[in-house]
file entry_0.txt (compact mmCIF, C-alpha atoms)
# COMPACT_ATOMS: atom_id res chain seq x y z
CA MET A 1 139.15 316.01 195.99
CA LEU A 2 138.85 319.78 196.40
CA SER A 3 135.33 319.48 197.82
CA ILE A 4 136.55 316.93 200.40
CA LEU A 5 139.41 319.24 201.40
CA LEU A 6 137.03 322.20 201.73
CA SER A 7 134.67 320.06 203.82
CA ILE A 8 137.48 319.07 206.18
CA ILE A 9 138.81 322.62 206.55
CA GLY A 10 135.33 324.11 206.88
CA PHE A 11 134.35 321.47 209.43
CA LEU A 12 137.42 322.18 211.59
CA VAL A 13 136.75 325.93 211.46
CA VAL A 14 132.98 325.81 212.05
CA LEU A 15 132.83 323.11 214.72
CA GLY A 16 136.14 324.23 216.23
CA LEU A 17 134.88 327.78 216.82
CA ALA A 18 131.55 326.61 218.28
CA VAL A 19 133.30 324.13 220.61
CA LEU A 20 136.09 326.53 221.58
CA VAL A 21 133.65 329.27 222.58
CA HIS A 22 131.47 326.79 224.49
CA GLU A 23 134.35 325.37 226.51
CA PHE A 24 135.73 328.85 227.18
CA GLY A 25 132.38 329.68 228.76
CA HIS A 26 132.78 326.80 231.19
CA TYR A 27 136.44 327.68 231.76
CA TRP A 28 135.93 331.35 232.61
CA ALA A 29 132.92 330.58 234.81
CA ALA A 30 135.05 328.05 236.72
CA ARG A 31 137.86 330.57 237.04
CA TYR A 32 135.37 333.15 238.34
CA ALA A 33 134.12 330.61 240.91
CA ARG A 34 137.77 329.84 241.85
CA VAL A 35 137.43 326.23 240.85
CA THR A 36 140.66 324.67 239.58
CA VAL A 37 140.58 323.71 235.90
CA ASN A 38 142.64 320.57 235.32
CA THR A 39 142.27 320.26 231.53
CA PHE A 40 140.93 322.29 228.63
CA SER A 41 140.66 320.12 225.51
CA ILE A 42 139.46 320.77 221.99
CA GLY A 43 138.68 317.30 220.68
CA PHE A 44 138.92 313.91 222.36
CA GLY A 45 141.50 311.16 222.51
CA PRO A 46 145.30 311.49 222.44
CA ALA A 47 146.71 315.01 222.35
CA ILE A 48 148.27 316.33 219.16
CA VAL A 49 149.48 319.47 220.91
CA LYS A 50 149.44 320.25 224.62
CA TRP A 51 150.97 322.64 227.11
CA THR A 52 150.52 323.54 230.77
CA ASP A 53 149.97 327.11 231.95
CA LYS A 54 151.19 328.68 235.19
CA ARG A 55 147.95 327.73 236.99
CA GLY A 56 148.50 324.05 236.20
CA THR A 57 145.78 323.78 233.55
CA VAL A 58 146.69 321.42 230.71
CA TRP A 59 145.61 322.82 227.33
CA LYS A 60 145.17 320.26 224.55
CA ILE A 61 144.24 319.95 220.92
CA SER A 62 143.26 316.32 220.61
CA ALA A 63 143.09 313.88 217.72
CA VAL A 64 139.31 313.40 217.41
CA PRO A 65 137.77 316.80 216.55
CA LEU A 66 134.18 315.98 217.52
CA GLY A 67 133.74 318.22 220.55
CA GLY A 68 135.74 319.17 223.59
CA TYR A 69 135.68 319.30 227.36
CA VAL A 70 136.82 321.16 230.46
CA SER A 71 137.90 318.92 233.35
CA LEU A 72 137.41 320.48 236.80
CA TYR A 73 139.15 319.45 239.98
CA GLY A 74 136.79 317.25 242.02
CA ASN A 75 133.99 317.09 239.46
CA GLU A 76 134.01 313.29 239.68
CA ASP A 77 133.12 313.52 243.40
CA ILE A 78 129.51 314.37 242.51
CA PHE A 79 129.06 310.58 242.36
CA ASN A 80 130.41 310.12 245.89
CA ARG A 81 130.52 313.21 248.10
CA LYS A 82 132.08 311.18 250.93
CA ASN A 83 135.36 311.52 249.04
CA TYR A 84 135.02 315.29 249.29
CA ASP A 85 134.12 315.16 253.00
CA LYS A 86 137.34 313.26 253.74
CA LEU A 87 139.54 315.96 252.20
CA SER A 88 141.51 318.39 254.34
CA PRO A 89 140.60 322.11 254.14
CA LYS A 90 143.70 322.67 252.01
CA LYS A 91 142.66 319.94 249.54
CA LYS A 92 139.14 321.37 249.33
CA LYS A 93 140.50 324.64 247.99
CA GLY A 94 139.62 324.91 244.30
CA HIS A 95 137.42 321.79 244.50
CA TYR A 96 134.25 321.82 242.40
CA LEU A 97 132.05 320.96 245.40
CA SER A 98 133.58 323.82 247.39
CA ALA A 99 131.88 326.26 245.02
CA LYS A 100 128.49 327.62 246.07
CA LEU A 101 125.40 326.30 244.31
CA TRP A 102 124.92 329.45 242.22
CA GLN A 103 128.56 329.28 241.14
CA ARG A 104 128.15 325.67 239.99
CA ILE A 105 125.03 326.71 238.06
CA LEU A 106 127.08 329.50 236.47
CA ILE A 107 129.76 326.99 235.45
CA CYS A 108 127.05 324.74 233.99
CA VAL A 109 125.41 327.42 231.84
CA GLY A 110 128.60 329.29 230.97
CA GLY A 111 129.19 327.31 227.78
CA VAL A 112 125.65 327.71 226.49
CA ALA A 113 125.69 331.43 227.27
CA MET A 114 128.89 331.87 225.26
CA ASN A 115 127.42 330.02 222.27
CA PHE A 116 124.38 332.29 222.29
CA ALA A 117 126.69 335.31 222.67
CA LEU A 118 128.81 334.23 219.68
CA ALA A 119 125.75 333.82 217.44
CA PHE A 120 124.36 337.16 218.63
CA ALA A 121 127.69 338.92 217.90
CA ILE A 122 127.90 337.45 214.39
CA TYR A 123 124.32 338.29 213.44
CA THR A 124 124.53 341.77 214.95
CA SER A 125 127.73 342.44 212.98
CA PHE A 126 126.08 341.33 209.75
CA PHE A 127 122.99 343.47 210.30
CA ALA A 128 125.10 346.51 211.23
CA ALA A 129 127.68 346.20 208.45
CA PHE A 130 125.66 345.10 205.43
CA PRO A 131 122.39 346.54 204.08
CA ARG A 132 119.93 343.76 203.19
CA THR A 133 117.49 343.53 200.31
CA VAL A 134 114.32 342.19 201.92
CA GLN A 135 111.64 340.38 199.92
CA MET A 136 108.23 341.42 201.23
CA PRO A 137 105.68 338.62 201.88
CA VAL A 138 103.52 339.65 198.92
CA VAL A 139 102.25 336.95 196.54
CA GLY A 140 103.15 337.71 192.93
CA GLN A 141 101.77 334.54 191.38
CA VAL A 142 99.80 331.47 192.46
CA ILE A 143 100.54 328.38 190.39
CA ARG A 144 97.35 327.01 188.87
CA ASP A 145 95.86 323.92 190.56
CA SER A 146 98.41 324.14 193.37
CA ILE A 147 97.51 323.81 197.06
CA ALA A 148 97.48 327.60 197.50
CA TYR A 149 95.40 328.06 194.32
CA ASN A 150 92.77 325.59 195.46
CA ALA A 151 92.73 327.21 198.92
CA GLY A 152 91.81 330.58 197.37
CA VAL A 153 95.10 332.46 197.65
CA ARG A 154 95.39 335.21 195.04
CA ALA A 155 98.17 337.23 193.48
CA GLY A 156 98.54 340.47 195.43
CA ASP A 157 97.72 338.88 198.79
CA THR A 158 100.08 339.69 201.66
CA VAL A 159 100.88 336.82 204.03
CA ALA A 160 100.44 338.30 207.52
CA ARG A 161 100.61 335.27 209.84
CA ILE A 162 101.20 331.53 209.63
CA ASP A 163 100.13 329.42 212.61
CA GLY A 164 100.00 332.57 214.73
CA THR A 165 103.55 333.67 213.86
CA LYS A 166 103.93 337.15 212.37
CA ILE A 167 105.37 337.14 208.85
CA SER A 168 107.60 340.09 207.94
CA ASN A 169 109.44 338.78 204.86
CA TRP A 170 109.37 335.91 202.36
CA GLY A 171 112.00 333.99 204.33
CA ASP A 172 109.55 333.81 207.24
CA ILE A 173 107.06 332.06 204.95
CA ILE A 174 109.61 329.40 203.98
CA LEU A 175 110.51 328.80 207.64
CA ALA A 176 106.89 328.66 208.80
CA LYS A 177 106.02 326.20 206.03
CA GLU A 178 108.92 323.97 207.10
CA LEU A 179 107.82 324.10 210.73
CA ALA A 180 104.26 323.17 209.77
CA SER A 181 105.71 319.76 208.87
CA ASN A 182 102.80 317.33 208.44
CA ARG A 183 100.13 319.66 209.81
CA ASP A 184 97.77 321.98 207.97
CA ALA A 185 99.07 325.51 208.39
CA GLU A 186 96.65 328.30 209.25
CA VAL A 187 97.51 331.26 207.02
CA VAL A 188 96.19 334.79 207.53
CA LEU A 189 96.19 336.89 204.34
CA LEU A 190 95.67 340.61 203.89
CA ARG A 191 93.68 341.37 200.75
CA GLY A 192 93.13 345.10 200.55
CA GLU A 193 91.02 345.96 203.59
CA LEU A 194 90.06 342.34 204.16
CA SER A 195 91.71 339.75 206.38
CA VAL A 196 91.34 336.24 204.94
CA VAL A 197 92.06 333.05 206.89
CA THR A 198 92.75 329.82 205.02
CA LYS A 199 94.39 326.42 205.53
CA LEU A 200 97.30 325.15 203.46
CA SER A 201 98.03 321.44 203.73
CA PRO A 202 101.63 320.21 203.87
CA ALA A 203 103.36 319.55 200.56
CA GLU A 204 106.66 320.06 198.81
CA ARG A 205 105.26 323.23 197.23
CA TRP A 206 102.35 325.42 198.16
CA GLY A 207 102.51 327.02 194.74
CA LEU A 208 103.29 330.56 195.91
CA VAL A 209 105.68 332.82 193.99
CA ALA A 210 106.92 336.06 195.53
CA ASP A 211 106.26 339.41 193.89
CA GLY A 212 109.80 340.33 192.83
CA SER A 213 108.97 344.04 192.67
CA LYS A 214 108.02 344.20 196.36
CA THR A 215 111.44 344.58 197.98
CA PHE A 216 113.20 347.17 200.07
CA VAL A 217 116.76 347.77 201.24
CA GLN A 218 117.09 347.53 205.00
CA LYS A 219 120.01 349.21 206.78
CA LYS A 220 120.15 349.21 210.55
CA ASN A 221 121.94 351.29 213.17
CA ILE A 222 123.72 349.50 216.00
CA PHE A 223 120.62 349.29 218.20
CA GLY A 224 118.47 347.99 215.35
CA ALA A 225 121.20 345.51 214.48
CA MET A 226 121.35 344.28 218.09
CA TYR A 227 117.58 343.82 218.17
CA SER A 228 117.64 341.93 214.86
CA GLY A 229 120.61 339.84 216.03
CA ALA A 230 118.79 338.87 219.22
CA ARG A 231 115.61 338.12 217.26
CA GLU A 232 117.55 335.89 214.85
CA VAL A 233 119.00 333.90 217.75
CA TRP A 234 115.54 333.59 219.33
CA VAL A 235 113.85 332.48 216.08
CA GLN A 236 116.53 329.88 215.41
CA SER A 237 116.36 328.57 218.99
CA LYS A 238 112.57 328.32 218.79
CA THR A 239 112.84 326.55 215.43
CA ILE A 240 115.28 323.95 216.80
CA VAL A 241 113.04 323.24 219.80
CA THR A 242 110.02 322.87 217.50
CA VAL A 243 111.84 320.47 215.18
CA ILE A 244 113.09 318.36 218.12
CA SER A 245 109.60 318.14 219.61
CA GLN A 246 108.17 317.13 216.22
CA ILE A 247 110.76 314.35 215.89
CA ILE A 248 109.95 313.11 219.41
CA THR A 249 106.20 313.04 218.69
CA GLY A 250 106.73 311.39 215.30
CA GLU A 251 105.38 314.39 213.39
CA ARG A 252 108.75 314.74 211.65
CA SER A 253 111.03 311.92 210.50
CA SER A 254 114.23 311.23 212.47
CA LYS A 255 115.90 310.76 209.08
CA GLN A 256 116.37 314.53 209.00
CA LEU A 257 118.93 314.28 211.81
CA GLY A 258 122.56 314.45 210.73
CA SER A 259 125.97 313.78 212.22
CA PHE A 260 129.37 315.42 211.78
CA ILE A 261 129.30 314.21 208.14
CA LEU A 262 126.40 316.56 207.35
CA ILE A 263 128.13 319.39 209.24
CA ALA A 264 131.28 318.80 207.18
CA GLN A 265 129.31 318.90 203.91
CA MET A 266 127.57 322.13 204.90
CA SER A 267 130.87 323.62 206.09
CA GLY A 268 132.60 322.86 202.79
CA LYS A 269 129.80 324.54 200.82
CA ALA A 270 129.85 327.55 203.16
CA LEU A 271 133.64 327.89 202.88
CA SER A 272 133.48 327.87 199.08
CA ALA A 273 130.65 330.46 199.18
CA GLY A 274 132.72 332.98 201.17
CA ILE A 275 133.47 334.29 204.63
CA MET A 276 129.93 335.54 205.31
CA ALA A 277 128.40 332.16 204.52
CA LEU A 278 131.01 330.46 206.70
CA PHE A 279 130.35 332.67 209.72
CA SER A 280 126.61 332.39 209.19
CA LEU A 281 127.03 328.64 209.55
CA VAL A 282 129.21 329.17 212.65
CA ALA A 283 126.38 331.21 214.18
CA LEU A 284 123.74 328.65 213.23
CA LEU A 285 125.78 325.74 214.60
CA SER A 286 126.52 327.74 217.76
CA VAL A 287 122.80 328.21 218.40
CA ASN A 288 122.21 324.51 217.72
CA PHE A 289 125.03 323.63 220.10
CA ALA A 290 123.54 325.81 222.82
CA VAL A 291 119.97 324.55 222.49
CA LEU A 292 120.96 320.87 222.28
CA ASN A 293 123.19 321.24 225.33
CA LEU A 294 120.19 322.59 227.26
CA LEU A 295 118.18 319.43 226.65
CA PRO A 296 117.36 317.77 230.01
CA LEU A 297 119.62 314.80 229.38
CA PRO A 298 122.33 313.55 231.73
CA VAL A 299 125.90 314.37 230.61
CA LEU A 300 124.53 317.45 228.82
CA ASP A 301 124.47 320.86 230.49
CA GLY A 302 120.67 320.75 230.69
CA GLY A 303 120.73 317.52 232.71
CA THR A 304 123.37 318.87 235.07
CA LEU A 305 121.36 322.06 235.49
CA ILE A 306 118.27 320.08 236.51
CA LEU A 307 120.27 318.20 239.15
CA LEU A 308 121.66 321.49 240.51
CA LEU A 309 118.22 323.10 240.59
CA ALA A 310 116.82 320.02 242.35
CA GLU A 311 119.57 320.39 244.93
CA GLY A 312 118.62 324.04 245.43
CA ILE A 313 114.92 323.27 245.80
CA THR A 314 115.21 320.24 248.08
CA ARG A 315 118.23 321.55 250.01
CA LYS A 316 119.63 318.04 249.72
CA LYS A 317 122.79 316.92 247.99
CA ILE A 318 121.99 314.83 244.92
CA GLN A 319 124.60 312.09 245.09
CA GLY A 320 125.39 308.40 245.14
CA ARG A 321 124.66 305.57 242.77
CA ILE A 322 121.53 307.20 241.37
CA VAL A 323 123.58 310.04 239.87
CA GLU A 324 126.04 307.55 238.39
CA TYR A 325 123.23 305.51 236.82
CA ILE A 326 121.62 308.66 235.43
CA PHE A 327 124.88 309.67 233.74
CA ILE A 328 125.47 306.16 232.37
CA GLY A 329 121.97 306.24 230.90
CA GLY A 330 122.73 309.62 229.35
CA TRP A 331 125.87 308.30 227.67
CA VAL A 332 124.02 305.27 226.31
CA PHE A 333 121.35 307.54 224.83
CA LEU A 334 123.96 309.81 223.20
CA ILE A 335 125.81 306.82 221.71
CA LEU A 336 122.56 305.48 220.23
CA LEU A 337 121.71 308.96 218.89
CA PHE A 338 125.17 309.24 217.35
CA ALA A 339 124.69 305.85 215.66
CA LEU A 340 121.31 306.97 214.28
CA THR A 341 122.69 310.22 212.82
CA MET A 342 125.67 308.37 211.30
CA LYS A 343 123.28 305.88 209.68
CA ASN A 344 121.20 308.75 208.27
CA ASP A 345 124.26 310.44 206.77
CA ILE A 346 125.68 307.22 205.29
CA PHE A 347 122.32 306.35 203.73
CA ARG A 348 122.06 309.93 202.43
CA LEU A 349 125.49 309.67 200.80
CA LEU A 350 124.54 306.34 199.21
CA GLY A 351 121.25 307.79 197.97
CA TRP A 352 119.12 305.35 199.95
call {"tool": "encode", "arguments": {"input": "entry_0.txt", "output": "structure tokens"}}
result
Amino acid sequence: MLSILLSIIGFLVVLGLAVLVHEFGHYWAARYARVTVNTFSIGFGPAIVKWTDKRGTVWKISAVPLGGYVSLYGNEDIFNRKNYDKLSPKKKKGHYLSAKLWQRILICVGGVAMNFALAFAIYTSFFAAFPRTVQMPVVGQVIRDSIAYNAGVRAGDTVARIDGTKISNWGDIILAKELASNRDAEVVLLRGELSVVTKLSPAERWGLVADGSKTFVQKKNIFGAMYSGAREVWVQSKTIVTVISQIITGERSSKQLGSFILIAQMSGKALSAGIMALFSLVALLSVNFAVLNLLPLPVLDGGTLILLLAEGITRKKIQGRIVEYIFIGGWVFLILLFALTMKNDIFRLLGW
């Protein structure tokens, strides 16, 4: 019972923060562009709590905590710009289509930018505030008859690169191995003055054990922390894109995808582990939220951005039935994806 309660609380905190920051990005960008914001909602469905501010924006906390949205005045007229053309100059004030193209692009990317900014702020704070014990990528032991053993890896070797990616600590090895998925990974080893290149085939274990004596304490000043925070956001973003592309090409199973059930489970574990673990998950989910929203799918920010860029390139308004059909297709895809992730989580819970 306690684990379920922790999962619910952790889920509301983790997803709530990621969604709140994302929607605030859209909200402030719209305010900057002088577009009227009709509604700011955390969650969907009927409102649990709501109030209206002096600008007429309705703020809501809604019953279904699986996202959120910002409703802009006139946003629905992208499907039929003739409605906008019929408006009087007074009615066009604050209308979404009255904003310049660059302002609408700013509104589109505002949420994603805020998610990246949140993750960057969290990681930078961690790097600046807490010294880290870093495990160097030095092999302490190679398990006999393992994949690494048969490939010629020896104790004392330093892993320098995997698939062209520089390795600076043992965590990088774990990540690179995961990203190799079903492919053979090209591993560059430093052995004294020699540089040795070998291939390690995919498996649950390569058979490498870190040299526990090869560690150092890393403490960063604010500039070093900012660099490391930015690098962490970049590495995570790159990892998410790689995983998505591998799922699309069939290199990685779609069974690894999870829904809000998986997020709730991870959130509960993070909450029980402490505040640092919880905010680390907030940062990770925020990066995921940003990258997934940039996918070129209708109804996501990435799809809207493509339509806006197409408008800028062609100098023609993208409108009419085609836009409506594109958005309907996007919703159908998201519903099917949601069903797939729910199925994965339910099967995972049942042990299937």
call {"tool": "closest_atom_pairs", "arguments": {"input": "entry_0.txt", "of": "segment 219-334 of chain A", "to": "segment 51-69 of chain A", "cutoff": "12 Å", "atoms": "only C-alpha atoms", "output": "tab-separated table"}}
result
residue	atom	partner	partner_atom	distance
A:Ser259	CA	A:Leu66	CA	10.0
A:Phe260	CA	A:Leu66	CA	7.5
A:Ile261	CA	A:Leu66	CA	10.7
A:Ile263	CA	A:Leu66	CA	10.8
A:Ala264	CA	A:Leu66	CA	11.1
A:Phe289	CA	A:Gly67	CA	10.3
A:Asn293	CA	A:Gly67	CA	12.0
A:Val299	CA	A:Tyr69	CA	11.4
A:Leu300	CA	A:Tyr69	CA	11.4
A:Asp301	CA	A:Tyr69	CA	11.7
call {"tool": "closest_atom_pairs", "arguments": {"input": "entry_0.txt", "of": "segment 41-144 of chain A", "to": "segment 197-216 of chain A", "cutoff": "12 Å", "atoms": "all atoms listed in the file", "output": "Markdown table"}}
result
| residue | atom | partner | partner_atom | distance |
| --- | --- | --- | --- | --- |
| A:Pro131 | CA | A:Phe216 | CA | 10.0 |
| A:Arg132 | CA | A:Phe216 | CA | 8.2 |
| A:Thr133 | CA | A:Phe216 | CA | 5.6 |
| A:Val134 | CA | A:Phe216 | CA | 5.4 |
| A:Gln135 | CA | A:Thr215 | CA | 4.6 |
| A:Met136 | CA | A:Thr215 | CA | 5.6 |
| A:Pro137 | CA | A:Ala210 | CA | 7.0 |
| A:Val138 | CA | A:Asp211 | CA | 5.7 |
| A:Val139 | CA | A:Ala210 | CA | 4.9 |
| A:Gly140 | CA | A:Asp211 | CA | 3.7 |
| A:Gln141 | CA | A:Val209 | CA | 5.0 |
| A:Val142 | CA | A:Leu208 | CA | 5.0 |
| A:Ile143 | CA | A:Gly207 | CA | 5.0 |
| A:Arg144 | CA | A:Gly207 | CA | 7.8 |
call {"tool": "residues_around", "arguments": {"input": "entry_0.txt", "residues": "Ile222 of chain A", "least_positions_apart": "3", "cutoff": "12 Å", "atoms": "only C-alpha atoms", "output": "PyMOL selection string"}}
result
chain A and resi 121+123-130+219+225-229
call {"tool": "closest_residue", "arguments": {"input": "entry_0.txt", "among": "A:Ala33, A:Leu189, A:Ile240, A:Leu297", "to": "Phe333 of chain A", "atoms": "all atoms listed in the file"}}
result
A:Leu297
call {"tool": "axis_aligned_box", "arguments": {"input": "entry_0.txt", "around": "segment 170-178 of chain A", "padding_each_side": "3 Å", "output": "lines of an AutoDock Vina configuration file"}}
result
center_x = 109.0
center_y = 329.9
center_z = 205.6
size_x = 12.0
size_y = 17.9
size_z = 12.4
call {"tool": "atom_distance", "arguments": {"input": "entry_0.txt", "atom1": "atom CA of His95 of chain A", "atom2": "atom CA of Asn83 of chain A"}}
result
11.4 Å
call {"tool": "residues_around", "arguments": {"input": "entry_0.txt", "residues": "Val70 of chain A", "least_positions_apart": "5", "cutoff": "10 Å", "atoms": "all atoms listed in the file", "output": "MDAnalysis selection string"}}
result
chainID A and resid 22:27 30 37:42 57:59
call {"tool": "atom_distance", "arguments": {"input": "entry_0.txt", "atom1": "atom CA of Phe347 of chain A", "atom2": "atom CA of Leu5 of chain A"}}
result
21.5 Å
call {"tool": "closest_residue", "arguments": {"input": "entry_0.txt", "among": "A:Asp184, A:Ser237, A:Leu15, A:Ser71", "to": "Gly268 of chain A", "atoms": "only C-alpha atoms"}}
result
A:Leu15
call {"tool": "closest_residue", "arguments": {"input": "entry_0.txt", "among": "A:Ile48, A:Leu72, A:Leu271, A:Leu284", "to": "Ile4 of chain A", "atoms": "all atoms listed in the file"}}
result
A:Leu271
call {"tool": "atom_distance", "arguments": {"input": "entry_0.txt", "atom1": "atom CA of Lys50 of chain A", "atom2": "atom CA of Val35 of chain A"}}
result
21.1 Å
call {"tool": "closest_residue", "arguments": {"input": "entry_0.txt", "among": "A:Lys91, A:Val109, A:Ile248, A:Asn344", "to": "Gly302 of chain A", "atoms": "only C-alpha atoms"}}
result
A:Val109
call {"tool": "closest_residue", "arguments": {"input": "entry_0.txt", "among": "A:Ile167, A:Glu178, A:Ala18, A:Asn115", "to": "Glu251 of chain A", "atoms": "all atoms listed in the file"}}
result
A:Glu178
call {"tool": "closest_residue", "arguments": {"input": "entry_0.txt", "among": "A:Ala29, A:Ala180, A:Leu190, A:Leu17", "to": "Cys108 of chain A", "atoms": "all atoms listed in the file"}}
result
A:Ala29
call {"tool": "decode", "arguments": {"input": "entry_0.txt", "residues": "segment 10-59 of chain A", "atoms": "C-alpha atoms", "output": "compact mmCIF listing (two decimals), in the first residue's frame"}}
result
# COMPACT_ATOMS: atom_id res chain seq x y z
CA GLY A 10 5.96 10.73 -6.93
CA PHE A 11 4.09 10.57 -10.24
CA LEU A 12 2.15 13.77 -9.48
CA VAL A 13 5.35 15.59 -8.48
CA VAL A 14 7.56 14.35 -11.34
CA LEU A 15 5.09 14.59 -14.22
CA GLY A 16 3.44 17.67 -12.72
CA LEU A 17 6.72 19.62 -12.66
CA ALA A 18 7.68 18.58 -16.20
CA VAL A 19 4.22 19.50 -17.56
CA LEU A 20 3.97 22.74 -15.56
CA VAL A 21 7.32 24.01 -16.83
CA HIS A 22 6.49 23.00 -20.40
CA GLU A 23 3.14 24.79 -20.44
CA PHE A 24 4.65 27.85 -18.76
CA GLY A 25 7.06 28.04 -21.68
CA HIS A 26 4.15 28.24 -24.11
CA TYR A 27 2.32 30.67 -21.83
CA TRP A 28 5.14 33.18 -21.42
CA ALA A 29 6.03 33.02 -25.12
CA ALA A 30 2.37 33.78 -25.96
CA ARG A 31 2.34 36.63 -23.47
CA TYR A 32 5.55 38.01 -25.03
CA ALA A 33 3.92 37.81 -28.49
CA ARG A 34 0.79 39.54 -27.06
CA VAL A 35 -1.41 36.61 -27.89
CA THR A 36 -4.35 36.16 -25.52
CA VAL A 37 -4.18 32.99 -23.42
CA ASN A 38 -7.68 31.62 -22.82
CA THR A 39 -6.82 28.64 -20.60
CA PHE A 40 -3.83 27.22 -18.76
CA SER A 41 -4.54 23.67 -17.59
CA ILE A 42 -2.51 21.08 -15.74
CA GLY A 43 -4.26 17.83 -16.59
CA PHE A 44 -7.27 17.13 -18.80
CA GLY A 45 -10.97 16.73 -18.23
CA PRO A 46 -13.16 18.45 -15.63
CA ALA A 47 -11.48 21.02 -13.41
CA ILE A 48 -10.81 20.20 -9.76
CA VAL A 49 -9.68 23.75 -9.05
CA LYS A 50 -9.91 26.78 -11.31
CA TRP A 51 -9.70 30.55 -11.17
CA THR A 52 -9.57 33.45 -13.62
CA ASP A 53 -6.87 36.11 -13.49
CA LYS A 54 -7.22 39.80 -14.35
CA ARG A 55 -6.23 39.15 -17.99
CA GLY A 56 -9.10 36.70 -18.42
CA THR A 57 -6.95 33.55 -18.46
CA VAL A 58 -8.64 30.57 -16.80
CA TRP A 59 -6.16 28.57 -14.68
